[in-house]
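One structure is given below, encoded as structure tokens.
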Amino acid sequence: MDPELRKLAQKGMNPELYAAAQLGDWAVIRRFSGKFLALKTPKGNTVLHVLAQSCDSADAVRHILARNCCLLMAKSACGETALHLAARKGHSGIVRALIDYSKQNKGCWFCACFVDRCKRMLRMANVEGNTALHEAVKNNFYEVAKFLVQEDPEFRYRPNHAVETPLYLAVEKGYRDIADLILTTCKSPAYLGPGHKTALHAAAIWNLPELVELILEKLPNLIKKVDKFGWTALHYAAKLNHPAKLNHEDVVRLLLSAERSTAYVAARNDDSKTALHIAVIHGHVAVVQELLSHCPDCWEIYTNRRQNILHLAVKYEQREVLEFVLKNSWASELINQRDNTGNTPLHLYVATKNLDGSSLVKHHSVDVNSFDYSNSTPLDRILRADELSQRQVGTTVTVRTKGMAVLSKKAAFITFVISDSLAMFTSIDAVLGLIRLFQTKNYRLKLFIVRVTRERIFAAVMSMMIAFLTGLYAVLPNLAVMIVPFALAAWLGHVIWFTFLRKYEDRKCFYTTRFKHSEADYFVTHPLRLYKRYRQDLTEAED
């Protein structure tokens with residue numbers, strides 16, 4: 001470039017030329033025809049660039065190229081040709097004019113290493129790696145995309161620097177017509193997207209059943225393609241299902257119908273999770289049902305941490321999924337399985353905060369005494385958590401509630417509750433009887449109260465001893481420590497028998513030497529008369 005043209009380039013484009021280019025006014029533009037390459041904007045746009053992005057004047061384009069054919073392939077500072085800008089704006093007339101001119105065998109710039117100028121122009125990428133087709137697809141210009149694809153159907157459009165191919169962009173944005181155009185016209189369309197995703201991944205993510213069906217028809221091999229996490233399109237359909245927004249059940253059904261084996265694909269870089277694991281983690285019961293209907297045995301698969309779907313439902317506090325799983329007959333195979341740290345689902349339930357796990361605790365197959373690899377049962381964890389959370393009232397209440405839920409499963413604990421309650425009521429009744437004994441003057445009534453009170457005290461002592469032993473049995477994990485309490489209970493039983501049973505016969509004989517049995521039992525058969533006599537004795541005592 002001579003010094004005069006270099007000075008013109010440094011000053012920017014002439015305002016009159018710039019305005020004429022925006023309007024497509026060839027009458028004004030032609031006056032600057034000798035300076036087209038020199039007159040550029042600060043971003044390096046030529047008059048053809050300005051015209052391509054401002055208006056759809058095909059005639060002006062033909063006149064400009066007739067004066068200077070080098071503008072056809074001229075790039076701006078962003079690496080863009082006029083075709084990029086025309087495709088971005090949807091100016092189909094200019095796109096058609098540029099393609100037609102590129103097919104003409106004119107121009108000293110032609111390089112023999114390319115098949116023809118048209119394909120070279122169509123395949124040129126800007127600094128972001130976008131071709132003209134990328135720009136047309138991004139902005140949903142079907143006619144422009146059609147021109148571009150039909151002119152070069154053999155070309156596999158490479159991903160741009162954001163790893164997006166035209167097909168992936170069309171699917172991700174939901175442009176079904178453009179996606180159908182690319183799949184139908186291109187002989188071998190590229191399909192990659194960010195993170196090694198494919199166009200099928202995008203269709204599953206954005207819940208586009210029609211595009212899923214179209215892609216599976218044209219590119220069936222994509223169904224087993226995985227991204228950088230090892231996820232298939234089915235993984236994403238299982239994750240993103242949301243009844244209030246996007247329902248992915250149709251997509252899940254299409255993918256399983258095309259290839260049911262995808263339900264068994266484990267994500268190699270994500271703890272070997274299958275689509276079923278993902279659906280359980282996110283609480284999508286409908287998707288779980290759909291997966292199990294196509295692959296009824298996929299519940300057997302566990303993750304790298306050896307966690308099954310019941311572990312995951314409890315861990316992520318998905319109550320609806322938990323209850324659905326427990327209703328199945330095969331739930332008994334999962335409910336006591338241990339993960340790689342020895343935790344059963346019940347162990348994990350202890351650590352949850354908001355999950356209602358009553359269905360898990362009350363399940364007929366659950367083992368509440370199962371040990372993890374640190375020799376702890378679920379109850380042991382509850383007790384430790386209770387000690388650590390004494391200062392946190394809310395947490396303490398939650399932990400104790402779970403502790404009660406786990407303990408209620410044990411027969412020993414139920415026996416403890418019943419016997420402890422009997423001990424309390426019989427003790428209270430015995431104390432009240434002794435109080436009545438001092439308040440009455442009737443000797444026969446005193447005799448009756450003594451007999452009844454003895455029976456109540458005996459029942460209270462026996463219930464208290466049973467409650468003590470069953471309470472220890474329910475709490476202590478190791479039965480060896482129960483030897484001492486059982487030995488003491490045996491000795492105490494002998495004392496109780498000697499105190500209440502043996503002497504009771506002697507005293508019964510002594511009492512009946514003065515009174516007949518009918519006199520002592522008089523009040524037993526007539527409790528109302530007992531109450532009247534008791535009130536009468538109290539009245540006489542007050543007088």
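Just so we're on the same page: first chain in the structure tokens is A, next is B, and so on; residues restart at 1 for each chain, and ligands are numbered from 1 in the order they show up.
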
Surrounding residues of range 451-454 of chain A excluding itself and chain neighbours under 5 positions, 9 Å, only C-alpha atoms, as a PDB file with N, CA and C atoms, in the first residue's frame:
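See part15.pdb below for the written result:
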ATOM      1  N   ASP A 429     -50.645 -46.412  92.872  1.00  0.00           N
ATOM      2  CA  ASP A 429     -51.796 -47.023  93.546  1.00  0.00           C
ATOM      3  C   ASP A 429     -51.420 -47.541  94.927  1.00  0.00           C
ATOM      4  N   ALA A 430     -50.210 -48.124  95.065  1.00  0.00           N
ATOM      5  CA  ALA A 430     -49.767 -48.629  96.365  1.00  0.00           C
ATOM      6  C   ALA A 430     -49.582 -47.496  97.363  1.00  0.00           C
ATOM      7  N   VAL A 431     -49.000 -46.394  96.918  1.00  0.00           N
ATOM      8  CA  VAL A 431     -48.815 -45.242  97.809  1.00  0.00           C
ATOM      9  C   VAL A 431     -50.165 -44.692  98.255  1.00  0.00           C
ATOM     10  N   LEU A 432     -51.109 -44.572  97.336  1.00  0.00           N
ATOM     11  CA  LEU A 432     -52.440 -44.086  97.709  1.00  0.00           C
ATOM     12  C   LEU A 432     -53.127 -45.042  98.690  1.00  0.00           C
ATOM     13  N   GLY A 433     -52.884 -46.363  98.533  1.00  0.00           N
ATOM     14  CA  GLY A 433     -53.455 -47.342  99.461  1.00  0.00           C
ATOM     15  C   GLY A 433     -52.916 -47.175 100.866  1.00  0.00           C
ATOM     16  N   LEU A 434     -51.603 -46.907 100.970  1.00  0.00           N
ATOM     17  CA  LEU A 434     -51.015 -46.698 102.290  1.00  0.00           C
ATOM     18  C   LEU A 434     -51.576 -45.445 102.954  1.00  0.00           C
ATOM     19  N   LYS A 446     -58.963 -51.941 106.738  1.00  0.00           N
ATOM     20  CA  LYS A 446     -57.493 -51.924 106.805  1.00  0.00           C
ATOM     21  C   LYS A 446     -56.909 -53.237 106.310  1.00  0.00           C
ATOM     22  N   ALA A 459     -46.470 -56.186  92.199  1.00  0.00           N
ATOM     23  CA  ALA A 459     -46.550 -55.935  90.755  1.00  0.00           C
ATOM     24  C   ALA A 459     -45.624 -54.807  90.338  1.00  0.00           C
ATOM     25  N   PHE A 500     -42.462 -61.765  99.340  1.00  0.00           N
ATOM     26  CA  PHE A 500     -43.874 -61.604  99.018  1.00  0.00           C
ATOM     27  C   PHE A 500     -44.646 -62.914  98.945  1.00  0.00           C
ATOM     28  N   ALA A 520     -63.039 -60.439 104.313  1.00  0.00           N
ATOM     29  CA  ALA A 520     -61.938 -59.711 103.660  1.00  0.00           C
ATOM     30  C   ALA A 520     -62.237 -59.429 102.193  1.00  0.00           C
TER      31      ALA A 520
END

Using only C-alpha atoms, can you tell me which of A:His196, A:Leu83, A:Asp152, A:Leu254 comes closest to Thr165 in chain A?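 For Thr165 in chain A, the nearest of the given residues is A:His196.
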
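The residue that comes closest to Ile215 in chain A, out of A:Ala136, A:Ala238, A:Ile278, A:Leu167 and on the basis of only C-alpha atoms, is A:Leu167.
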
Please provide as a list in words all residues within 10 Å of Lys119 in chain A, with the sequence filter that same-chain residues fewer than 4 positions apart are discarded (counting only C-alpha atoms). Ile99, Ser102, Lys103, Phe114, Val115, Arg123, Met124, Leu148, Glu151, Asp152 and Phe155 of chain A

Kindly export the residues of the current selection with N, CA and C atoms, as a short mmCIF file (atom, residue, chain, number, x, y, z; two decimals), in the first residue's frame.
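Writing the result to part16.cif gives the following:
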data_model
loop_
_atom_site.label_atom_id
_atom_site.label_comp_id
_atom_site.auth_asym_id
_atom_site.auth_seq_id
_atom_site.Cartn_x
_atom_site.Cartn_y
_atom_site.Cartn_z
N ILE A 99 -22.19 -15.54 -2.92
CA ILE A 99 -21.99 -16.92 -3.35
C ILE A 99 -21.91 -17.00 -4.87
N SER A 102 -18.60 -15.66 -6.09
CA SER A 102 -17.46 -16.53 -5.77
C SER A 102 -17.35 -17.71 -6.72
N LYS A 103 -18.45 -18.06 -7.38
CA LYS A 103 -18.43 -19.17 -8.33
C LYS A 103 -17.82 -18.79 -9.67
N PHE A 114 -7.25 -24.80 -3.25
CA PHE A 114 -8.64 -24.94 -2.83
C PHE A 114 -9.47 -25.43 -4.01
N VAL A 115 -10.53 -26.14 -3.69
CA VAL A 115 -11.39 -26.67 -4.74
C VAL A 115 -11.96 -25.54 -5.56
N ARG A 123 -16.01 -21.71 4.17
CA ARG A 123 -15.33 -22.40 5.26
C ARG A 123 -14.46 -21.48 6.09
N MET A 124 -14.35 -20.22 5.71
CA MET A 124 -13.50 -19.28 6.48
C MET A 124 -14.14 -19.00 7.85
N LEU A 148 -26.18 -21.60 2.47
CA LEU A 148 -24.82 -22.00 2.84
C LEU A 148 -24.65 -23.50 2.85
N GLU A 151 -24.66 -25.20 -0.69
CA GLU A 151 -23.47 -24.95 -1.52
C GLU A 151 -22.28 -25.82 -1.13
N ASP A 152 -22.30 -26.33 0.11
CA ASP A 152 -21.14 -27.14 0.55
C ASP A 152 -21.61 -28.26 1.47
N PHE A 155 -18.92 -30.59 3.53
CA PHE A 155 -18.03 -30.06 4.56
C PHE A 155 -18.56 -30.37 5.96
#

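Compared by their closest atoms to Leu48 in chain A, and using only C-alpha atoms, the residues A:Ala27, A:Ala97, A:Ile309, A:Ala74 rank with A:Ala74 nearest.
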
Which residue is closest to Thr415 in chain A? Choose from A:Ala20, A:Met465, A:Ala52, A:Ile94 and count only C-alpha atoms.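 Of A:Ala20, A:Met465, A:Ala52, A:Ile94, the one nearest Thr415 in chain A, counting only C-alpha atoms, is A:Met465.
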
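Using only C-alpha atoms for every distance, the candidate list A:Ala77, A:Ala19, A:Ala170, A:Leu200 yields A:Ala77 as the residue closest to Asn45 in chain A.
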
For Thr352 in chain A, please output as number ranges by chain all residues within 9 Å (counting only C-alpha atoms; exclusion window: fewer than 4 positions along the same chain). A: 314-317, 348

Just checking: using only C-alpha atoms, which residue out of A:Leu72, A:Glu80, A:Asn126, A:Pro159 ends up closest to Tyr101 in chain A? A:Leu72

Mind checking which residues fall within 7 Å of Pro42 in chain A, counting only C-alpha atoms, ignoring those fewer than 2 positions away in the same chain, and posting them as a list in words? Gly12, Lys40 and Gly44 of chain A

Export of prior selection with N, CA and C atoms as a CSV table (one decimal), in the first residue's frame:
chain,number,residue,atom,x,y,z
A,12,GLY,N,-9.6,6.5,9.1
A,12,GLY,CA,-10.9,5.8,9.2
A,12,GLY,C,-11.7,6.1,7.9
A,40,LYS,N,-11.2,2.2,5.5
A,40,LYS,CA,-11.7,1.2,6.5
A,40,LYS,C,-12.1,1.8,7.8
A,44,GLY,N,-11.4,-2.3,11.0
A,44,GLY,CA,-10.9,-3.0,9.8
A,44,GLY,C,-12.0,-3.3,8.8

Just give me the gap between CA of Leu292 in chain A and CA of Thr274 in chain A in Å, one decimal is fine.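 So the answer is 12.2 Å.
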
All residues 12 Å or closer to Asp420 in chain A, only C-alpha atoms, same chain fewer than 4 positions away omitted, as a PyMOL selection string: chain A and resi 412-416+424-427+459-471

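Pairwise distance (CA of Asn336 in chain A, CA of Ile301 in chain A) equals 15.1 Å.
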
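Take CA of Leu39 in chain A and CA of Met13 in chain A: the distance between them is 4.8 Å.
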